[in-house]
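Containing compact mmCIF, C-alpha atoms and all ligand atoms: protein.txt.
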# COMPACT_ATOMS: atom_id res chain seq x y z
CA MET A 1 -129.08 -298.82 192.55
CA ASN A 2 -125.98 -297.27 190.97
CA TYR A 3 -123.06 -295.83 192.92
CA ILE A 4 -124.24 -292.25 192.46
CA THR A 5 -127.62 -292.95 194.05
CA LYS A 6 -125.84 -294.65 196.94
CA ASN A 7 -123.50 -291.68 197.35
CA LYS A 8 -126.51 -289.33 197.40
CA GLU A 9 -127.96 -291.26 200.33
CA ALA A 10 -124.62 -291.37 202.13
CA TRP A 11 -123.98 -287.62 201.68
CA GLU A 12 -127.48 -286.73 202.86
CA GLU A 13 -126.99 -288.94 205.91
CA ALA A 14 -123.63 -287.26 206.61
CA PHE A 15 -125.13 -283.78 206.38
CA GLU A 16 -128.06 -284.76 208.61
CA ARG A 17 -125.63 -285.89 211.32
CA ALA A 18 -123.31 -282.87 210.95
CA THR A 19 -125.56 -280.54 212.86
CA ALA A 20 -122.89 -277.88 213.39
CA TRP A 21 -121.48 -278.01 209.82
CA GLY A 22 -122.16 -274.65 208.25
CA ASN A 23 -123.15 -272.80 211.45
CA ASP A 24 -120.21 -270.44 210.95
CA ILE A 25 -120.98 -269.43 207.35
CA GLU A 26 -123.02 -266.31 208.03
CA LYS A 27 -120.69 -265.11 210.81
CA ARG A 28 -117.51 -265.64 208.80
CA LEU A 29 -118.91 -264.08 205.63
CA ALA A 30 -119.79 -260.99 207.65
CA LYS A 31 -116.29 -260.73 209.14
CA GLU A 32 -113.87 -262.07 206.50
CA GLU A 33 -113.41 -261.18 202.86
CA TYR A 34 -113.00 -264.68 201.38
CA PRO A 35 -113.50 -267.38 204.03
CA PHE A 36 -113.51 -271.09 203.09
CA ILE A 37 -111.27 -270.46 200.05
CA GLU A 38 -107.61 -271.44 199.92
CA LYS A 39 -105.29 -268.41 199.96
CA VAL A 40 -103.59 -269.48 196.71
CA LEU A 41 -106.99 -269.56 195.03
CA VAL A 42 -107.78 -266.08 196.32
CA ASP A 43 -104.39 -264.91 194.97
CA GLU A 44 -105.35 -266.34 191.57
CA LEU A 45 -108.91 -265.02 191.52
CA VAL A 46 -107.90 -261.42 192.23
CA ASN A 47 -106.50 -261.41 188.67
CA TYR A 48 -109.94 -261.89 187.08
CA ASP A 49 -112.71 -259.36 186.54
CA PHE A 50 -115.98 -260.80 187.83
CA THR A 51 -118.11 -257.76 187.00
CA ASP A 52 -121.43 -258.90 185.47
CA LYS A 53 -120.15 -262.48 185.41
CA LYS A 54 -122.26 -265.56 186.03
CA ILE A 55 -120.48 -268.20 188.07
CA ALA A 56 -121.25 -271.76 189.14
CA GLN A 57 -119.84 -274.45 191.38
CA PHE A 58 -120.18 -278.18 190.75
CA CYS A 59 -120.44 -280.31 193.95
CA CYS A 60 -120.95 -277.21 196.08
CA ASN A 61 -121.82 -278.95 199.36
CA ASN A 62 -123.53 -276.46 201.73
CA GLY A 63 -122.71 -273.48 199.50
CA ARG A 64 -120.02 -271.91 201.70
CA GLU A 65 -117.34 -271.67 199.01
CA LEU A 66 -119.58 -270.29 196.27
CA LEU A 67 -121.09 -267.73 198.67
CA SER A 68 -117.55 -266.66 199.54
CA ILE A 69 -116.43 -266.47 195.89
CA MET A 70 -119.42 -264.17 195.22
CA ASN A 71 -117.42 -261.54 197.14
CA PHE A 72 -115.23 -261.14 194.04
CA GLY A 73 -118.16 -259.24 192.55
CA ALA A 74 -119.95 -261.69 190.25
CA ASP A 75 -123.47 -260.88 189.15
CA SER A 76 -124.96 -264.24 190.13
CA GLY A 77 -124.05 -267.76 191.16
CA VAL A 78 -125.55 -271.22 190.84
CA GLY A 79 -124.36 -274.15 192.97
CA PHE A 80 -125.08 -277.75 191.99
CA ASP A 81 -124.98 -280.65 194.43
CA ILE A 82 -126.71 -284.01 194.65
CA ALA A 83 -127.55 -283.78 198.38
CA GLU A 84 -131.00 -282.22 198.70
CA ASN A 85 -130.62 -281.25 202.36
CA MET A 86 -127.34 -279.39 201.62
CA VAL A 87 -128.99 -277.53 198.75
CA ASP A 88 -131.94 -276.50 200.95
CA PHE A 89 -129.49 -275.23 203.56
CA ALA A 90 -127.45 -273.34 200.93
CA ASN A 91 -130.54 -271.66 199.47
CA GLN A 92 -131.66 -270.58 202.94
CA THR A 93 -128.18 -269.21 203.72
CA ALA A 94 -128.03 -267.24 200.44
CA GLN A 95 -131.46 -265.79 201.20
CA ASN A 96 -130.49 -264.85 204.78
CA LEU A 97 -127.36 -263.10 203.48
CA GLY A 98 -129.09 -261.44 200.51
CA ILE A 99 -126.54 -262.96 198.09
CA ASN A 100 -127.68 -263.50 194.48
CA CYS A 101 -126.99 -267.25 194.47
CA SER A 102 -129.28 -270.20 193.97
CA PHE A 103 -128.58 -273.86 194.56
CA VAL A 104 -129.87 -276.81 192.57
CA ALA A 105 -130.16 -280.43 193.74
CA THR A 106 -128.97 -282.62 190.88
CA ASN A 107 -126.49 -285.26 189.89
CA ILE A 108 -123.84 -283.27 187.97
CA LEU A 109 -124.08 -285.76 185.09
CA GLU A 110 -127.78 -284.86 184.72
CA ILE A 111 -127.65 -281.05 184.93
CA ASP A 112 -130.56 -279.68 182.94
CA GLN A 113 -129.98 -278.28 179.44
CA LYS A 114 -131.34 -274.92 180.57
CA TYR A 115 -127.93 -274.29 182.18
CA TYR A 116 -125.99 -274.89 178.95
CA ASN A 117 -123.81 -271.99 177.70
CA SER A 118 -124.68 -270.10 180.88
CA PHE A 119 -121.55 -269.52 182.95
CA ASP A 120 -118.41 -267.39 182.66
CA TYR A 121 -116.72 -269.38 185.42
CA ILE A 122 -117.26 -272.86 186.84
CA PHE A 123 -115.50 -273.81 190.09
CA ILE A 124 -114.55 -277.25 191.31
CA THR A 125 -112.91 -277.51 194.71
CA ILE A 126 -111.54 -279.95 197.25
CA GLY A 127 -112.95 -283.44 197.03
CA ALA A 128 -115.31 -283.14 194.05
CA LEU A 129 -113.76 -285.14 191.16
CA THR A 130 -113.39 -288.29 193.23
CA TRP A 131 -117.18 -288.90 193.20
CA PHE A 132 -117.18 -289.66 189.47
CA GLU A 133 -115.98 -292.95 188.05
CA ASP A 134 -115.49 -291.53 184.56
CA LEU A 135 -114.35 -287.92 184.16
CA LEU A 136 -115.29 -287.68 180.47
CA PRO A 137 -119.05 -287.16 181.04
CA PHE A 138 -118.26 -284.96 184.05
CA PHE A 139 -116.14 -282.52 182.06
CA ARG A 140 -118.61 -282.74 179.17
CA LYS A 141 -121.17 -281.19 181.53
CA VAL A 142 -118.67 -278.51 182.54
CA SER A 143 -118.04 -277.67 178.90
CA GLN A 144 -121.74 -277.66 178.03
CA CYS A 145 -122.53 -275.30 180.90
CA LEU A 146 -119.66 -272.85 180.16
CA LYS A 147 -120.11 -269.99 177.71
CA GLU A 148 -117.58 -269.93 174.86
CA GLY A 149 -114.39 -268.52 176.35
CA GLY A 150 -115.66 -269.31 179.86
CA ARG A 151 -113.18 -270.61 182.42
CA LEU A 152 -113.07 -273.73 184.54
CA ILE A 153 -111.16 -273.24 187.80
CA ILE A 154 -110.20 -276.33 189.79
CA ASN A 155 -108.58 -276.35 193.25
CA GLU A 156 -108.31 -280.01 194.15
CA CYS A 157 -106.40 -282.67 196.04
CA HIS A 158 -103.39 -283.83 194.01
CA PRO A 159 -103.74 -287.28 192.38
CA VAL A 160 -100.68 -288.40 194.38
CA THR A 161 -102.72 -288.15 197.61
CA ASN A 162 -104.62 -291.23 196.45
CA MET A 163 -101.40 -293.20 196.91
CA LEU A 164 -100.99 -292.22 200.57
CA GLY A 165 -102.36 -294.13 203.52
CA ALA A 166 -104.48 -292.43 206.16
CA ASN A 167 -104.77 -292.94 209.88
CA GLY A 168 -106.86 -296.03 210.66
CA GLU A 169 -106.07 -297.80 207.40
CA GLU A 170 -104.52 -301.25 207.55
CA GLN A 171 -101.21 -300.50 205.86
CA TYR A 172 -100.76 -297.02 207.34
CA ASP A 173 -97.69 -296.56 209.52
CA GLN A 174 -97.57 -293.42 211.67
CA GLU A 175 -93.75 -293.53 211.61
CA THR A 176 -93.64 -293.38 207.79
CA PRO A 177 -96.77 -291.50 206.67
CA ASN A 178 -95.07 -290.52 203.39
CA ILE A 179 -94.82 -294.12 202.13
CA LEU A 180 -96.84 -294.70 198.97
CA ILE A 181 -99.28 -297.52 199.64
CA TYR A 182 -101.81 -297.52 196.82
CA SER A 183 -101.36 -297.65 193.06
CA TYR A 184 -101.42 -294.33 191.20
CA PHE A 185 -103.42 -296.22 188.58
CA LYS A 186 -106.04 -297.74 190.94
CA ASP A 187 -109.14 -298.12 188.82
CA ASP A 188 -111.61 -299.83 191.11
CA ALA A 189 -113.71 -297.90 193.61
CA TRP A 190 -112.80 -296.91 197.15
CA ILE A 191 -115.72 -298.34 199.14
CA GLU A 192 -116.12 -296.81 202.59
CA ASN A 193 -118.60 -297.04 205.45
CA ASP A 194 -117.01 -294.94 208.16
CA GLY A 195 -118.77 -291.66 207.55
CA MET A 196 -117.68 -288.22 206.43
CA GLY A 197 -115.66 -287.23 209.47
CA TYR A 198 -114.51 -283.85 208.18
CA MET A 199 -118.09 -282.55 208.41
CA ASN A 200 -118.89 -283.71 211.93
CA GLY A 201 -115.63 -284.88 213.51
CA GLU A 202 -116.96 -288.38 214.18
CA ASN A 203 -116.43 -291.83 212.73
CA TYR A 204 -119.70 -293.70 212.47
CA GLU A 205 -121.01 -296.70 210.63
CA SER A 206 -122.45 -294.95 207.62
CA LYS A 207 -124.19 -295.70 204.40
CA THR A 208 -121.65 -296.70 201.76
CA PHE A 209 -119.65 -294.10 199.81
CA TYR A 210 -118.05 -294.99 196.46
CA SER A 211 -115.20 -292.83 195.19
CA TYR A 212 -112.47 -293.08 192.55
CA SER A 213 -108.80 -292.20 192.05
CA HIS A 214 -107.90 -290.25 188.91
CA THR A 215 -104.46 -289.74 187.42
CA PHE A 216 -103.42 -286.35 186.02
CA THR A 217 -103.57 -288.00 182.58
CA GLU A 218 -107.25 -288.80 183.06
CA ILE A 219 -108.06 -285.31 184.34
CA ILE A 220 -106.21 -283.45 181.58
CA ASN A 221 -107.43 -285.72 178.77
CA ALA A 222 -111.05 -285.51 179.93
CA ILE A 223 -110.83 -281.70 179.94
CA CYS A 224 -109.12 -281.46 176.55
CA GLN A 225 -111.41 -284.02 174.92
CA ASN A 226 -114.37 -281.83 175.84
CA GLY A 227 -113.40 -278.70 173.94
CA MET A 228 -111.42 -276.97 176.67
CA SER A 229 -107.76 -275.99 176.75
CA ILE A 230 -105.48 -275.90 179.76
CA ASN A 231 -104.16 -272.41 180.51
CA LYS A 232 -102.31 -272.94 183.76
CA LEU A 233 -101.40 -275.64 186.27
CA MET A 234 -99.90 -275.02 189.71
CA GLU A 235 -98.91 -277.80 192.14
CA PHE A 236 -98.48 -277.30 195.88
CA ASP A 237 -96.84 -279.32 198.61
CA TYR A 238 -99.56 -278.71 201.15
CA ASP A 239 -102.78 -280.46 201.94
CA ILE A 240 -106.25 -279.02 201.47
CA SER A 241 -108.20 -282.14 202.49
CA GLU A 242 -107.42 -282.14 206.23
CA MET A 243 -106.09 -285.69 205.80
CA PHE A 244 -102.40 -285.17 205.06
CA SER A 245 -101.39 -281.90 206.73
CA ASN A 246 -98.61 -283.83 208.56
CA LEU A 247 -96.95 -284.11 205.14
CA ASN A 248 -97.03 -280.39 204.35
CA ASN A 249 -93.85 -278.76 203.00
CA ARG A 250 -92.04 -282.08 202.52
CA GLY A 251 -91.81 -282.01 198.75
CA ILE A 252 -94.86 -284.21 198.16
CA PRO A 253 -97.46 -282.80 195.74
CA LEU A 254 -100.68 -282.58 197.79
CA SER A 255 -102.89 -280.06 195.99
CA TYR A 256 -103.16 -278.13 192.73
CA ILE A 257 -104.93 -275.37 190.86
CA LEU A 258 -105.80 -275.86 187.21
CA ILE A 259 -107.25 -273.15 184.96
CA SER A 260 -108.93 -274.18 181.74
CA GLN A 261 -110.90 -272.34 179.07
CA LYS A 262 -113.69 -273.41 176.71
CA VAL A 263 -112.41 -272.80 173.19
C1 LIG B 1 -116.15 -283.26 199.67
S1 LIG B 1 -117.64 -282.43 199.22
C2 LIG B 1 -117.05 -280.97 198.47
C3 LIG B 1 -116.71 -280.07 199.55
C4 LIG B 1 -116.61 -278.63 199.17
N1 LIG B 1 -115.43 -278.41 198.34
C5 LIG B 1 -116.51 -277.87 200.47
O1 LIG B 1 -115.40 -277.77 201.02
O2 LIG B 1 -117.56 -277.45 200.98
C6 LIG B 1 -118.25 -283.34 197.85
C7 LIG B 1 -119.67 -282.95 197.46
O3 LIG B 1 -119.98 -283.62 196.24
C8 LIG B 1 -121.36 -283.92 196.24
N2 LIG B 1 -121.58 -284.97 195.23
C9 LIG B 1 -121.14 -286.25 195.23
N3 LIG B 1 -121.53 -286.88 194.10
C10 LIG B 1 -122.23 -285.99 193.36
C11 LIG B 1 -122.88 -286.04 192.09
N4 LIG B 1 -122.91 -287.16 191.35
N5 LIG B 1 -123.49 -284.93 191.63
C12 LIG B 1 -123.50 -283.79 192.39
N6 LIG B 1 -122.89 -283.67 193.59
C13 LIG B 1 -122.25 -284.76 194.08
C14 LIG B 1 -121.65 -284.34 197.68
O4 LIG B 1 -123.00 -284.24 198.01
C15 LIG B 1 -120.76 -283.37 198.46
O5 LIG B 1 -121.46 -282.22 198.86
Since I need it in another form, could you write the structure as structure tokens?
Amino acid sequence: MNYITKNKEAWEEAFERATAWGNDIEKRLAKEEYPFIEKVLVDELVNYDFTDKKIAQFCCNNGRELLSIMNFGADSGVGFDIAENMVDFANQTAQNLGINCSFVATNILEIDQKYYNSFDYIFITIGALTWFEDLLPFFRKVSQCLKEGGRLIINECHPVTNMLGANGEEQYDQETPNILIYSYFKDDAWIENDGMGYMNGENYESKTFYSYSHTFTEIINAICQNGMSINKLMEFDYDISEMFSNLNNRGIPLSYILISQKV
């Protein structure tokens, strides 16, 4: 069994246990304009015209972010995620809300050719890239699925966050949470069995997750080597992962937005 199949099982287990995760989507989408989206991303997206545009999200989880982004006025959306139970939930939510979005259960690296040259915008947000050992085939899929001139919009955790320790880890010291513990160039997998706490607030002995650190060099080269150019990069000193908010506004790069275009 490869690491992606194992991650599928672990993510489906996490979603099964997170019974309340997603209960607020319909309520918040009714009340707020763009819930679940970082304010800096909203500030960026207001500059684009989404009229008649087809948008997609890779690693869309339960669909909350894509359903929110649909409020910018896109014609239709497609979310891709490997966890079948999340995709079922997202399709049901889109139907309940009457939003023109569909969700597809697939490994990103195996997205069907019928989606090639389909999208004006592809979104990748918080905690998506880390699930891929090699970013070259990942961004190849992005490029294949974008129309010519289509844009890739990433709002992710900064590569430097992979160097920081987190509560509960052996070398983590609460007195000095800003100390860099891990190599920026770590190239073996993070192997974890303590669940996906951000979805259900609990630590539990879970199926095994495999994730990977990526340097900015790897990210940028994998984008550029797949026929896309980089238009804009913004780095922020605040956390979007809920793991490092104690380090906000201390001069440490914790998140970023990158805009790229298929040439
Ligand atoms: C941290 S979540 C993304 C969270 C999302 N940004 C949000 O806030 O709702 C990562 C997602 O990637 C999905 N995933 C992991 N590996 C994948 C793969 N190979 N193909 C497709 N989806 C994958 C997981 O099922 C999970 O829903």
I want to know what sits within 8 Å of segment 137-147 of chain A, based on all atoms listed in the file, with residues of the same chain fewer than 4 positions away left out; could you give that as a list of chain:residue names?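 Counting all atoms listed in the file, the residues come to A:Ile108, A:Leu109, A:Ile111, A:Tyr115, A:Tyr116, A:Asn117, A:Ser118, A:Phe119, A:Asp120, A:Tyr121, A:Ile122, A:Phe132, A:Arg151, A:Leu152, A:Ala222, A:Ile223, A:Asn226, A:Gly227, A:Met228, A:Lys262.
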Place a sphere of radius 9 Å on (-122.3, -266.6, 189.1) in the file coordinates and name every protein, DNA or RNA residue with an atom inside or on its surface, counting all atoms listed in the file; give the answer as an MDAnalysis selection string. chainID A and resid 50 52:57 66 69:70 74:79 100:101 119:122
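Checking A:Val40, A:Met199, A:Ala14, A:Ile82 one by one against ligand LIG 1 (chain B), counting only C-alpha atoms and all ligand atoms, you find the shortest gap at A:Ile82.
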With only C-alpha atoms as the counted atoms, please give the residues lying no more than 12 Å from Glu169 of chain A, apart from itself and same-chain residues fewer than 4 positions off, as a PyMOL selection string. chain A and resi 164-165+173-174+177+181-182+192+194
Residues within 8 Å of segment 88-91 of chain A, all atoms listed in the file, excluding chain neighbours under 4 positions, as a ChimeraX atom specification: /A:62-64,84,95,101-103
For ligand LIG 1 (chain B), the closest of A:Tyr48, A:Tyr256, A:Phe72, A:Tyr198 counting all atoms listed in the file is A:Tyr198
Which residues are near ligand LIG 1 (chain B) - at most 8 Å, using only C-alpha atoms and all ligand atoms? Format: as a VMD selection string. chain A and resid 4 to 5 7 to 8 11 to 12 36 58 to 65 80 to 83 86 105 to 109 124 to 128 131 to 132
Could you work out how far atom CA of Glu242 of chain A lies from atom CA of Asn193 of chain A, giving the answer in Å with one decimal?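 So the two atoms, atom CA of Asn193 of chain A and atom CA of Glu242 of chain A, lie 18.6 Å apart.
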Non-local contacts of Ile219 of chain A (10 Å; only C-alpha atoms; under 6 positions in same chain excluded) as a count of residues only: 6
How would you write as a list in words the residues that get within 7 Å of (-95.6, -277.8, 196.8) in the file's frame, counting only C-alpha atoms? Glu235, Phe236, Asp237, Tyr238, Asn249, Gly251, Ile252 and Pro253 of chain A
Which residue out of A:Glu170, A:Glu44, A:Glu9, A:Glu33 has the minimum interatomic distance to Gly73 of chain A when all atoms listed in the file are used?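 Nearest to Gly73 of chain A: A:Glu33.
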